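Colleague: Handing you a structure now.
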Amino acid sequence: MKKWFLALGLLTLAGTASAKMITDVAGRQVEVPQEAKRIILGEGRQIYLLAAFDTDAPFKRVIGWRDDLHKADWDGYQAYEKRYPEIKKLPTFGGAKDGTFNIEQALTLKPDLVLMNLESKAATDEGKLIEKLHAVGVPVVFIDFREAPMVNAEKSIRIMGELVNKPERAQEIITFRQQQIDLVTSRLKNFTGYRPKVMIDRAGGYSDECCMSFGNENFGQMVEIAGGRNIAKDLIPGTFGTLNPEQIIASQPDVVVVTGANWKNYNTVGKWVGVGPGANVTEATARLKALMMRDAFKTLPVAHNGNVHAIWHQFYDSPYQFVAIQALAKWLHPDLFADLDPDATFRTFHEKFLPLPYQPGYWVTLPADKP
């Protein structure tokens with residue numbers, strides 16, 4: 001077995017014409033090929049980023065990927081599969097975080113790079129996955145759009161630009177992203193008015209638990225950037241956590257935002273709000289209304305006054321946070337951002353950077369109860 005690993009490692013190293021050093025989001029100095037051409041995606045949703053670089057052929061470098069995209073984003077997966085049916089044949093992997101990443105299977109594909117999410121760092125360290133792959137000449141690089149995206153998103157985009165040898169493309173994506181965020185922050189810079197209290201109901205209806213939410217990162221930080229006050233900011237110490245119904249009721253949120261997606265391929269209770277590309281907004285609105293009948297919300301004025309929204313969950317694990325920030329800003333301050341159109345923003349991003357045509361359906365709003 002060791003001889004086989006060594007031989008495969010020598011083959012990998014021999015195929016690397018030149019190399020360079022990069023720093024990943026974990027702060028690691030990693031030697032990588034001048035241009036990675038055979039990549040294993042440690043999470044399928046990393047295609048959200050890679051597709052913005054290889055718009056002409058987003059899977060041309062992908063030789064294998066984690067099996068999460070069709071589970072976490074069935075609508076998005078279907079859109080990619082329809083245009084690129086070859087992805088049905090891509091080898092799939094379990095996750096490093098749950099210990100099901102098969103290193104021997106990975107090495108048979110002769111990768112020149114394995115891309116991992118930062119959330120899996122502790123598990124890869126414990127399983128010595130990095131050392132095992134390094135021993136056979138395969139670097140592991142970490143990016144992050146989930147644990148601390150407002151810190152690491154730009155870094156991750158630049159890292160991808162280095163990996164695929166397209167730094168100019170990375171700058172174009174970063175510039176567009178920052179311009180769209182600036183449309184929000186510039187107007188709020190001198191804003192002294194009321195900042196609504198917001199409850200982010202993370203994956204509401206995915207389970208019977210109520211309610212998962214975000215601390216002062218990810219969607220929690222997006223709320224703050226958009227001019228709101230995240231009620232869980234001081235109640236959840238990390239990025240993710242849980243609020244009990246009593247905490248939600250006591251906080252009296254002005255706005256509720258439920259994150260959702262089409263999770264039919266997960267084993268869930270099936271009450272989630274299926275927003276996303278091409279979503280059935282009528283069905284999504286009905287599900288959102290049902291979620292507001294839970295004990296944590298049904299007695300609150302916000303459940304009935306038109307300030308309940310659902311938004312695509314995958315904004316939390318993708319380079320597209322700028323779209324969510326604009327949507328949140330428009331919900332929190334409709335007069336201040338009356339001319340802002342997050343739907344048009346995301347459509348433009350698709351036209352400039354992504355291989356798929358834009359399909360609306362990424363959010364819905366629950367109408368106010370009739371008097």
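Ordered as shown in the structure tokens, chains take letters A, B, and onward, while each chain numbers its residues from 1 and ligands are numbered from 1 in the order shown.
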Quick check for you: according to DSSP on this backbone, which residues of segment 43-218 of chain A are classed as strand (DSSP E)? Reply as a list in words.
Modeller: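 Checking each residue of segment 43-218 of chain A, the strand (DSSP E) ones are Val62, Ile63, Gly64, Trp65, Arg66, Thr92, Phe93, Leu113, Val114, Leu115, Met116, Asn117, Val140, Val141, Phe142, Ile143, Lys197, Val198, Met199, Ile200, Asp201, Met212, Ser213 and Phe214 of chain A.
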Colleague: Excluding Gln171 of chain A and any residue of its chain fewer than 2 positions from it, enumerate the residues within 12 Å of it, using only C-alpha atoms, and give them as a PyMOL selection string.
Modeller: chain A and resi 52-53+154-162+166-169+173-179
Colleague: Provide the atom CA of Tyr362 of chain A to atom CA of Ala79 of chain A distance in Å, to one decimal place.
Modeller: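 Distance between the two atoms: 14.1 Å.
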Colleague: So how far away is atom CA of Ile39 of chain A from atom CA of Gln359 of chain A, in Å?
Modeller: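 Result for atom CA of Gln359 of chain A versus atom CA of Ile39 of chain A: 27.9 Å, one decimal.
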Colleague: May I have the residues within 10 Å of Arg38 of chain A as a short mmCIF file (atom, residue, chain, number, x, y, z; two decimals) with N, CA, C and O atoms, in the first residue's frame, using only C-alpha atoms and disregarding those fewer than 3 positions away in the same chain?
Modeller:
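Written file, selection-v9.cif:
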data_model
loop_
_atom_site.label_atom_id
_atom_site.label_comp_id
_atom_site.auth_asym_id
_atom_site.auth_seq_id
_atom_site.Cartn_x
_atom_site.Cartn_y
_atom_site.Cartn_z
N GLU A 35 -1.05 26.24 -12.37
CA GLU A 35 -2.48 26.25 -12.71
C GLU A 35 -3.05 24.87 -12.42
O GLU A 35 -2.65 23.89 -13.04
N LEU A 41 -13.32 18.80 -5.58
CA LEU A 41 -14.02 19.76 -4.74
C LEU A 41 -14.47 19.08 -3.46
O LEU A 41 -15.29 18.16 -3.50
N LYS A 60 -14.61 21.68 -16.26
CA LYS A 60 -13.48 21.14 -17.01
C LYS A 60 -12.31 20.74 -16.12
O LYS A 60 -11.52 19.90 -16.50
N ARG A 61 -12.20 21.34 -14.94
CA ARG A 61 -11.13 20.98 -14.02
C ARG A 61 -11.58 20.00 -12.94
O ARG A 61 -10.76 19.50 -12.18
N VAL A 62 -12.88 19.76 -12.83
CA VAL A 62 -13.43 18.98 -11.72
C VAL A 62 -13.37 17.50 -12.05
O VAL A 62 -14.03 17.03 -12.98
N ILE A 63 -12.60 16.75 -11.28
CA ILE A 63 -12.49 15.30 -11.51
C ILE A 63 -13.26 14.51 -10.45
O ILE A 63 -13.39 13.29 -10.55
N GLY A 64 -13.79 15.20 -9.47
CA GLY A 64 -14.59 14.57 -8.43
C GLY A 64 -15.08 15.64 -7.48
O GLY A 64 -14.49 16.72 -7.39
N LEU A 109 -7.85 9.14 -8.89
CA LEU A 109 -8.23 10.15 -9.89
C LEU A 109 -7.06 11.06 -10.27
O LEU A 109 -7.20 11.90 -11.15
N LYS A 110 -5.93 10.90 -9.58
CA LYS A 110 -4.72 11.68 -9.84
C LYS A 110 -4.98 13.19 -9.79
O LYS A 110 -4.73 13.92 -10.77
N PRO A 111 -5.47 13.69 -8.68
CA PRO A 111 -5.72 15.13 -8.58
C PRO A 111 -4.41 15.91 -8.43
O PRO A 111 -3.41 15.38 -7.96
N ASP A 112 -4.43 17.15 -8.85
CA ASP A 112 -3.29 18.01 -8.52
C ASP A 112 -3.66 19.00 -7.42
O ASP A 112 -2.84 19.83 -7.03
N LEU A 113 -4.92 18.87 -6.90
CA LEU A 113 -5.36 19.76 -5.82
C LEU A 113 -6.64 19.22 -5.21
O LEU A 113 -7.51 18.73 -5.93
N VAL A 114 -6.76 19.31 -3.89
CA VAL A 114 -8.02 19.04 -3.20
C VAL A 114 -8.42 20.33 -2.50
O VAL A 114 -7.66 20.89 -1.71
#
Colleague: From the list A:Thr365, A:Phe353, A:Asn152, A:Leu163, which residue is nearest Val257 of chain A when using only C-alpha atoms?
Modeller: A:Thr365
Colleague: Name all residues at most 12 Å from segment 299-309 of chain A (count only C-alpha atoms; drop same-chain ones fewer than 2 positions away) and give them as a PyMOL selection string.
Modeller: chain A and resi 196-201+204+245-246+248-260+273+275+281+284-297+311-312+324+327-328+330-334+362-371
Colleague: If you run DSSP on the backbone, which residues of segment 63-118 of chain A are helix (DSSP H, G or I), as a list in words?
Modeller: Leu69, His70, Lys71, Ala72, Trp74, Asp75, Gly76, Tyr77, Gln78, Ala79, Tyr80, Glu81, Lys82, Arg83, Pro85, Glu86, Ile87, Lys88, Lys89, Ile103, Glu104, Gln105, Ala106, Leu107, Thr108 and Leu118 of chain A
Colleague: Got time to write the residues from that selection, C-alpha atoms, as a PDB file, in the first residue's frame?
Modeller:
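New file result-v4.pdb:
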ATOM      1  CA  LEU A  69     -24.950  19.896  -4.178  1.00  0.00           C
ATOM      2  CA  HIS A  70     -27.913  17.765  -5.228  1.00  0.00           C
ATOM      3  CA  LYS A  71     -28.919  17.490  -1.568  1.00  0.00           C
ATOM      4  CA  ALA A  72     -28.333  21.052  -0.408  1.00  0.00           C
ATOM      5  CA  TRP A  74     -31.530  20.400  -5.743  1.00  0.00           C
ATOM      6  CA  ASP A  75     -32.845  23.190  -7.974  1.00  0.00           C
ATOM      7  CA  GLY A  76     -29.348  24.516  -8.633  1.00  0.00           C
ATOM      8  CA  TYR A  77     -28.010  21.030  -9.263  1.00  0.00           C
ATOM      9  CA  GLN A  78     -30.751  20.344 -11.802  1.00  0.00           C
ATOM     10  CA  ALA A  79     -29.948  23.557 -13.648  1.00  0.00           C
ATOM     11  CA  TYR A  80     -26.296  22.552 -13.954  1.00  0.00           C
ATOM     12  CA  GLU A  81     -27.105  18.970 -14.866  1.00  0.00           C
ATOM     13  CA  LYS A  82     -29.481  20.068 -17.620  1.00  0.00           C
ATOM     14  CA  ARG A  83     -26.737  22.081 -19.287  1.00  0.00           C
ATOM     15  CA  PRO A  85     -25.186  16.262 -18.196  1.00  0.00           C
ATOM     16  CA  GLU A  86     -21.678  14.867 -17.817  1.00  0.00           C
ATOM     17  CA  ILE A  87     -21.731  15.839 -14.146  1.00  0.00           C
ATOM     18  CA  LYS A  88     -23.912  12.797 -13.486  1.00  0.00           C
ATOM     19  CA  LYS A  89     -20.793  10.693 -14.090  1.00  0.00           C
ATOM     20  CA  ILE A 103      -8.506   9.215   0.260  1.00  0.00           C
ATOM     21  CA  GLU A 104      -7.701   6.091  -1.750  1.00  0.00           C
ATOM     22  CA  GLN A 105     -10.567   6.800  -4.131  1.00  0.00           C
ATOM     23  CA  ALA A 106      -9.326  10.366  -4.458  1.00  0.00           C
ATOM     24  CA  LEU A 107      -5.801   9.315  -5.361  1.00  0.00           C
ATOM     25  CA  THR A 108      -6.964   7.000  -8.135  1.00  0.00           C
ATOM     26  CA  LEU A 118     -12.616  25.796   6.391  1.00  0.00           C
TER      27      LEU A 118
END
Colleague: Which polymer residues have any atom within 12 Å of an atom of Arg45 of chain A, counting only C-alpha atoms, with same-chain residues fewer than 5 positions away left out, as a ChimeraX atom specification?
Modeller: /A:40,50-51,65-74,76-77,80,115-117,143-146,314-320
Colleague: Excluding same-chain residues fewer than 3 positions from Leu336 of chain A, what lies within 10 Å of it counting only C-alpha atoms, as a ChimeraX atom specification?
Modeller: /A:184,187-188,191,329-330,332-333,339-340
